[in-house]
2 protein chains.
Amino acid sequence: MVQENRIILSEREIPKAWYNIQADMPNPVKPPLHPGTGQPISPDDFAPLFPMNLIEQEFSVERFIEIPDEVLEKLLLWRPTPLVRAYALEKYLGTPARIYYKDESVSPAGSHKPNTAIAQAYYNKVAGIKRLTTETGAGQWGSALSLACKLFGLECRVYMVRVSYNQKPYRRALMKLWGARCFASPSEETAFGRKILQEDPDCAGSLGIAISEAIEDAVNSKDTRYSLGSVLNHVMLHQTVIGLEAQKQFEAINDSPDMVIGCVGGGSNFSGISYPFLRDKIYGKKVDIIAVEPTACPTLTRAPFGYDFGDTAQLTPLLPMHSLGHDFMPAPIHAGGLRYHGSSPLLSQLVVDKLVEARAYNQLATYRAGVTWAQVQGSVVAPETTHAVAAVIEEALKAKEEGCAKTILFNLSGHGFLDLSGYENYLDGHLSEYSLPEEEIERSLKLISQYPRP
Amino acid sequence: MVQENRIILSEREIPKAWYNIQADMPNPVKPPLHPGTGQPISPDDFAPLFPMNLIEQEFSVERFIEIPDEVLEKLLLWRPTPLVRAYALEKYLGTPARIYYKDESVSPAGSHKPNTAIAQAYYNKVAGIKRLTTETGAGQWGSALSLACKLFGLECRVYMVRVSYNQKPYRRALMKLWGARCFASPSEETAFGRKILQEDPDCAGSLGIAISEAIEDAVNSKDTRYSLGSVLNHVMLHQTVIGLEAQKQFEAINDSPDMVIGCVGGGSNFSGISYPFLRDKIYGKKVDIIAVEPTACPTLTRAPFGYDFGDTAQLTPLLPMHSLGHDFMPAPIHAGGLRYHGSSPLLSQLVVDKLVEARAYNQLATYRAGVTWAQVQGSVVAPETTHAVAAVIEEALKAKEEGCAKTILFNLSGHGFLDLSGYENYLDGHLSEYSLPEEEIERSLKLISQYPRP
């Protein structure tokens, strides 16, 4: 009997605890700092934004944190997700490499984002919170949180960057379908939004403005909190269910990846698939962990590591991370989920410690990879995911050159059904490469040197 | 151990033969007639349109027809599809019924359509055909055939109704991504298209015109054939892989459906899931088979059974079926795949013989069901599929009233990610109910009475 395309876990095999890489990092992550005092901030400082049970996870160094039954019940709506062997791509490339992907596109929202949205909605619910606010750019995170809030009976208010609100009506409809209220940001809902609209009624909005509105909305109401879909430690924690499942799936076929690949914006899908394997690497196992980002926003490959704000409006604490500067405006590439000026502090530290290798591709290279995938494997992956596919193809061809039958795993973080205009623009020859000029890097170096050094 | 949400077959359990209901029908389907002579047409008459291996399947009364290995290999890219228990919906409705769905939305194109597209592309390929033409309305079928042609190295030319071509850019992009050429119909590619454009340069197009263009394109070239995504016997045959898998999955949990439900346009997803169960019914097993259609296009519930053309331009043979008349123009409901004036001849005969029960819902009722599904089960189903969901909810509530723990199976024929504007219109209160007035039925009765009686 030949091995099957898909390795499926039974539902009782779903991981019962998340893996917290803070327990095993050779160098612990630096603390967030108060921008005024330059001193580490305490869990209490986060209380206006998040419920205490999530803040505890943010600071925890426990290796495993139990997944509550109520969260498992919702995750089982689509998890465990399949581990799939990409036989067709292997054959097409003529590579001796075995290529596997973890298919996170099968969630109701079409990406890995609900893994943490479900957990965050649950913890807010048990803390007595009635309403969550968040921001969204292209809409992946906003729709995932809308779904999670609906499943737990919470209200959800999403501030969506106005230009995306107008350009992505389907994402907006998805949030509405799941019962959320979605506002074009800047909006009339907040003082900050009204102020900006007064100055510029046609303002297209930005993620920075949307974050400010979501935070203002949350802190001004006792039973409302804010929710973030990436960057923070507890978000990475919730996503490790991806890699933990993948480990069980590889055990079932007596294989193990020599290489784990994921795309990186804030870092959540990448961390989710890679941290359980990274734990083995820390304790001596040979496995390459590769983070892939766009050359238009090369945070891990080219930006300095330092303290910077997580948002444009400087409302967050200073976070220790690779950052292109909190006022950095990335080029309008189609992989909206990768257009973030900073990166997860945990991931940044792991890159500094050379446990994770980062590389960058331009969007012409990644769309070429995405089109190859669609025409050979059939499925349409998200523009973000094409970055991982580009690295997989490069590594599979290298393995062919070297005659090396290595096992490659990548995270298929989402499908591209709501992002087909990017593919069309690529096929019509309307896309630009976008690579960041050296001046931008120098600019971010200068900006970040104003803050304390990690 | 509680039963799991999903029942997954291993890949080696995929059915190795399709089930042909023509072997078991109490009354055989009537033959297609030549419109000029009124005499049954022969297989050879189909030769300009289809390769002989598919024509043989069209006329075959063999009970099982082997699935070629090359077709199985491609189907395994996403098959077997999961059988999933909708626990959350059961709980929400408080019903003792067990609700299962067969998830056909997991195919690369997002619906059941590739099941026959793959088979048709294969049979054309082995017959030496280089190019396939087809028409598409909303784009589900066009994208499925584009994918299949790409996987088998055939050219694909899709004539897409102009109004959809302009309104559904994502579907168009999907076809382009899979290497097909997609033309707004009426087009400059055919004599028929040019003639119409000369008379009316702004013509919005219709499925009838698009079929005429696709057929003209096919018959004028030696190495080109035409491909149809529904209605014909061989299409129903290829779709039975759905029901055959479901039977194996129910065996694995020692259950069996008391009721099988699917939505109906031309009949392909409905036939696919129900015919294997219908075979058991023919031989005495008690199982209700329910076909659900829109009140805007009530072919099986209200239209006369007779001989009529399959297309508006009267290029096809006369087919024995329920028909609202080949020039019927259905109301602009969002379930584009159910806006067909006729129905599969096989299915029509089974309705005449009372083996299949047909019912109709208006689109306000079906969207209400679709929104309930999305908010309870999480996933977004296609507008067509909401018709099946509406019937499932009605039956589950009836079972609750009767205190009857029956098992209900329905076909989740596709996802709704590319149809979210319909949901948004419903949520915004912009949709009309649309039910067909009595005059339309009388009109179709009059039209069909002009042709031979079955």
# chains A, B, ... in the order shown; residues from 1 in each chain; ligands from 1

call {"tool": "interface_residues", "arguments": {"of": "chain A", "to": "chain B", "cutoff": "9 Å", "atoms": "only C-alpha atoms", "output": "ChimeraX atom specification"}}
result
/A:1,4-6,8,10-12,76-78,86,88,106-109,147-148,150-151,169-174,176-179,371,374-380,417-421,423-424,427

call {"tool": "residues_around", "arguments": {"residues": "Pro15 (chain B)", "least_positions_apart": "3", "cutoff": "8 Å", "atoms": "only C-alpha atoms", "output": "PDB file with N, CA and C atoms, in the first residue's frame"}}
result
ATOM      1  N   TRP B  18     -18.135   4.059 -10.735  1.00  0.00           N
ATOM      2  CA  TRP B  18     -19.312   4.922 -10.576  1.00  0.00           C
ATOM      3  C   TRP B  18     -20.565   4.057 -10.621  1.00  0.00           C
ATOM      4  N   VAL B 241     -19.806   9.335  -7.140  1.00  0.00           N
ATOM      5  CA  VAL B 241     -18.712   9.094  -6.181  1.00  0.00           C
ATOM      6  C   VAL B 241     -19.056   9.714  -4.826  1.00  0.00           C
ATOM      7  N   LEU B 244     -21.562   7.236  -3.064  1.00  0.00           N
ATOM      8  CA  LEU B 244     -20.885   5.961  -2.799  1.00  0.00           C
ATOM      9  C   LEU B 244     -19.930   6.095  -1.611  1.00  0.00           C
ATOM     10  N   GLU B 245     -19.211   7.209  -1.558  1.00  0.00           N
ATOM     11  CA  GLU B 245     -18.360   7.456  -0.384  1.00  0.00           C
ATOM     12  C   GLU B 245     -19.210   7.565   0.875  1.00  0.00           C
TER      13      GLU B 245
END

call {"tool": "select_by_dssp", "arguments": {"residues": "region 109-311 of chain B", "states": "strand (DSSP E)", "output": "count of residues only"}}
result
38

call {"tool": "atom_distance", "arguments": {"atom1": "CA of Pro96 (chain A)", "atom2": "CA of Glu251 (chain A)"}}
result
20.6 Å

call {"tool": "closest_residue", "arguments": {"among": "B:Ala335, B:Ala180, B:Leu83, B:Ile448", "to": "Leu318 (chain B)", "atoms": "only C-alpha atoms"}}
result
B:Ile448

call {"tool": "residues_around", "arguments": {"residues": "Lys406 (chain A)", "least_positions_apart": "5", "cutoff": "9 Å", "atoms": "only C-alpha atoms", "output": "mmCIF file with all heavy atoms, in the first residue's frame"}}
result
data_model
loop_
_atom_site.group_PDB
_atom_site.id
_atom_site.type_symbol
_atom_site.label_atom_id
_atom_site.label_comp_id
_atom_site.auth_asym_id
_atom_site.auth_seq_id
_atom_site.Cartn_x
_atom_site.Cartn_y
_atom_site.Cartn_z
ATOM 1 N N PRO A 96 13.666 14.838 -5.296
ATOM 2 C CA PRO A 96 13.607 13.704 -4.357
ATOM 3 C C PRO A 96 13.052 14.134 -3.000
ATOM 4 O O PRO A 96 12.794 13.277 -2.142
ATOM 5 C CB PRO A 96 15.072 13.271 -4.229
ATOM 6 C CG PRO A 96 15.857 14.514 -4.503
ATOM 7 C CD PRO A 96 15.040 15.332 -5.480
ATOM 8 N N ALA A 97 12.858 15.436 -2.795
ATOM 9 C CA ALA A 97 12.334 15.922 -1.509
ATOM 10 C C ALA A 97 10.889 15.471 -1.320
ATOM 11 O O ALA A 97 10.134 15.342 -2.283
ATOM 12 C CB ALA A 97 12.426 17.444 -1.440
ATOM 13 N N ARG A 98 10.541 15.200 -0.064
ATOM 14 C CA ARG A 98 9.130 14.935 0.275
ATOM 15 C C ARG A 98 8.550 16.239 0.788
ATOM 16 O O ARG A 98 9.031 16.804 1.776
ATOM 17 C CB ARG A 98 9.035 13.856 1.362
ATOM 18 C CG ARG A 98 9.457 12.457 0.897
ATOM 19 C CD ARG A 98 9.371 11.435 2.017
ATOM 20 N NE ARG A 98 10.337 11.717 3.080
ATOM 21 C CZ ARG A 98 11.617 11.345 3.039
ATOM 22 N NH1 ARG A 98 12.082 10.648 2.006
ATOM 23 N NH2 ARG A 98 12.428 11.656 4.036
ATOM 24 N N ILE A 99 7.505 16.726 0.120
ATOM 25 C CA ILE A 99 6.921 18.026 0.472
ATOM 26 C C ILE A 99 5.572 17.823 1.158
ATOM 27 O O ILE A 99 4.667 17.204 0.592
ATOM 28 C CB ILE A 99 6.732 18.906 -0.789
ATOM 29 C CG1 ILE A 99 8.081 19.113 -1.490
ATOM 30 C CG2 ILE A 99 6.092 20.242 -0.420
ATOM 31 C CD1 ILE A 99 7.973 19.819 -2.840
ATOM 32 N N PRO A 257 10.204 16.374 9.735
ATOM 33 C CA PRO A 257 10.704 17.346 8.762
ATOM 34 C C PRO A 257 12.165 17.729 9.013
ATOM 35 O O PRO A 257 12.585 17.905 10.154
ATOM 36 C CB PRO A 257 9.780 18.552 8.964
ATOM 37 C CG PRO A 257 9.225 18.408 10.333
ATOM 38 C CD PRO A 257 9.181 16.945 10.634
ATOM 39 N N ASP A 258 12.919 17.869 7.924
ATOM 40 C CA ASP A 258 14.276 18.411 8.009
ATOM 41 C C ASP A 258 14.219 19.927 7.933
ATOM 42 O O ASP A 258 15.220 20.605 8.183
ATOM 43 C CB ASP A 258 15.114 17.888 6.841
ATOM 44 C CG ASP A 258 15.217 16.376 6.862
ATOM 45 O OD1 ASP A 258 15.734 15.849 7.864
ATOM 46 O OD2 ASP A 258 14.745 15.736 5.910
ATOM 47 N N MET A 259 13.062 20.442 7.569
ATOM 48 C CA MET A 259 12.922 21.867 7.292
ATOM 49 C C MET A 259 11.465 22.264 7.491
ATOM 50 O O MET A 259 10.569 21.589 6.997
ATOM 51 C CB MET A 259 13.330 22.074 5.836
ATOM 52 C CG MET A 259 13.400 23.482 5.379
ATOM 53 S SD MET A 259 14.191 23.516 3.744
ATOM 54 C CE MET A 259 15.923 23.485 4.195
ATOM 55 N N ALA A 396 13.156 22.615 -2.665
ATOM 56 C CA ALA A 396 12.951 21.329 -3.340
ATOM 57 C C ALA A 396 13.877 21.203 -4.550
ATOM 58 O O ALA A 396 14.380 20.116 -4.848
ATOM 59 C CB ALA A 396 11.492 21.191 -3.765
ATOM 60 N N ALA A 399 17.318 20.489 -3.264
ATOM 61 C CA ALA A 399 17.404 19.071 -2.890
ATOM 62 C C ALA A 399 17.614 18.198 -4.130
ATOM 63 O O ALA A 399 18.328 17.191 -4.096
ATOM 64 C CB ALA A 399 16.138 18.650 -2.147
#

call {"tool": "residues_around", "arguments": {"residues": "His34 (chain B)", "least_positions_apart": "4", "cutoff": "7 Å", "atoms": "only C-alpha atoms", "output": "list in words"}}
result
Gly38, Gln39, Pro40, Ile41, Pro317 and Leu318 of chain B

call {"tool": "closest_residue", "arguments": {"among": "A:Asp69, A:Glu189, A:Glu357, A:Ala388", "to": "Ala369 (chain A)", "atoms": "only C-alpha atoms"}}
result
A:Ala388

call {"tool": "residues_around", "arguments": {"residues": "Leu347 (chain B)", "least_positions_apart": "2", "cutoff": "8 Å", "atoms": "only C-alpha atoms", "output": "PyMOL selection string"}}
result
chain B and resi 267+271+343-345+349-351+356

call {"tool": "write_last_selection", "arguments": {"atoms": "N, CA and C atoms", "output": "short mmCIF file (atom, residue, chain, number, x, y, z; two decimals), in the first residue's frame"}}
result
data_model
loop_
_atom_site.label_atom_id
_atom_site.label_comp_id
_atom_site.auth_asym_id
_atom_site.auth_seq_id
_atom_site.Cartn_x
_atom_site.Cartn_y
_atom_site.Cartn_z
N GLY B 267 -29.23 19.21 -11.68
CA GLY B 267 -29.40 17.94 -10.96
C GLY B 267 -28.13 17.20 -10.57
N SER B 271 -28.06 14.34 -7.71
CA SER B 271 -27.98 12.96 -8.22
C SER B 271 -26.76 12.27 -7.63
N SER B 343 -34.28 20.14 -16.35
CA SER B 343 -33.67 19.32 -15.32
C SER B 343 -33.11 18.06 -15.97
N SER B 344 -32.26 17.37 -15.26
CA SER B 344 -31.72 16.11 -15.76
C SER B 344 -32.85 15.16 -16.14
N PRO B 345 -32.82 14.56 -17.36
CA PRO B 345 -33.84 13.57 -17.74
C PRO B 345 -33.94 12.41 -16.75
N GLN B 349 -37.40 11.67 -14.62
CA GLN B 349 -38.11 10.37 -14.63
C GLN B 349 -38.31 9.85 -13.21
N LEU B 350 -37.30 10.02 -12.35
CA LEU B 350 -37.39 9.53 -10.97
C LEU B 350 -38.43 10.32 -10.17
N VAL B 351 -38.59 11.60 -10.52
CA VAL B 351 -39.64 12.40 -9.86
C VAL B 351 -41.02 11.94 -10.37
N VAL B 356 -38.38 10.26 -6.00
CA VAL B 356 -37.78 11.48 -5.45
C VAL B 356 -38.89 12.48 -5.18
#

call {"tool": "residues_around", "arguments": {"residues": "Lys102 (chain A)", "least_positions_apart": "2", "cutoff": "8 Å", "atoms": "only C-alpha atoms", "output": "ChimeraX atom specification"}}
result
/A:81-84,100,104,242,246,409-413

call {"tool": "residues_around", "arguments": {"residues": "Pro43 (chain A)", "least_positions_apart": "4", "cutoff": "9 Å", "atoms": "only C-alpha atoms", "output": "list in words"}}
result
Ala47, Met52, Ile55, Glu56, Glu58 and Phe59 of chain A

call {"tool": "atom_distance", "arguments": {"atom1": "CA of Gly208 (chain A)", "atom2": "CA of Pro332 (chain A)"}}
result
15.4 Å

call {"tool": "atom_distance", "arguments": {"atom1": "CA of Ser143 (chain A)", "atom2": "CA of Pro32 (chain A)"}}
result
28.3 Å

call {"tool": "select_by_dssp", "arguments": {"residues": "region 393-435 of chain A", "states": "alpha helix (DSSP H)", "output": "JSON, numbers by chain"}}
result
{"A": [393, 394, 395, 396, 397, 398, 399, 400, 401, 402, 420, 421, 422, 423, 424, 425, 426, 427]}

call {"tool": "closest_residue", "arguments": {"among": "B:Ser185, B:Thr316, B:Ser256, B:Ser432", "to": "Tyr226 (chain B)", "atoms": "only C-alpha atoms"}}
result
B:Thr316

call {"tool": "closest_residue", "arguments": {"among": "A:Arg63, A:Lys281, A:His112, A:Arg302", "to": "Gly229 (chain A)", "atoms": "only C-alpha atoms"}}
result
A:His112
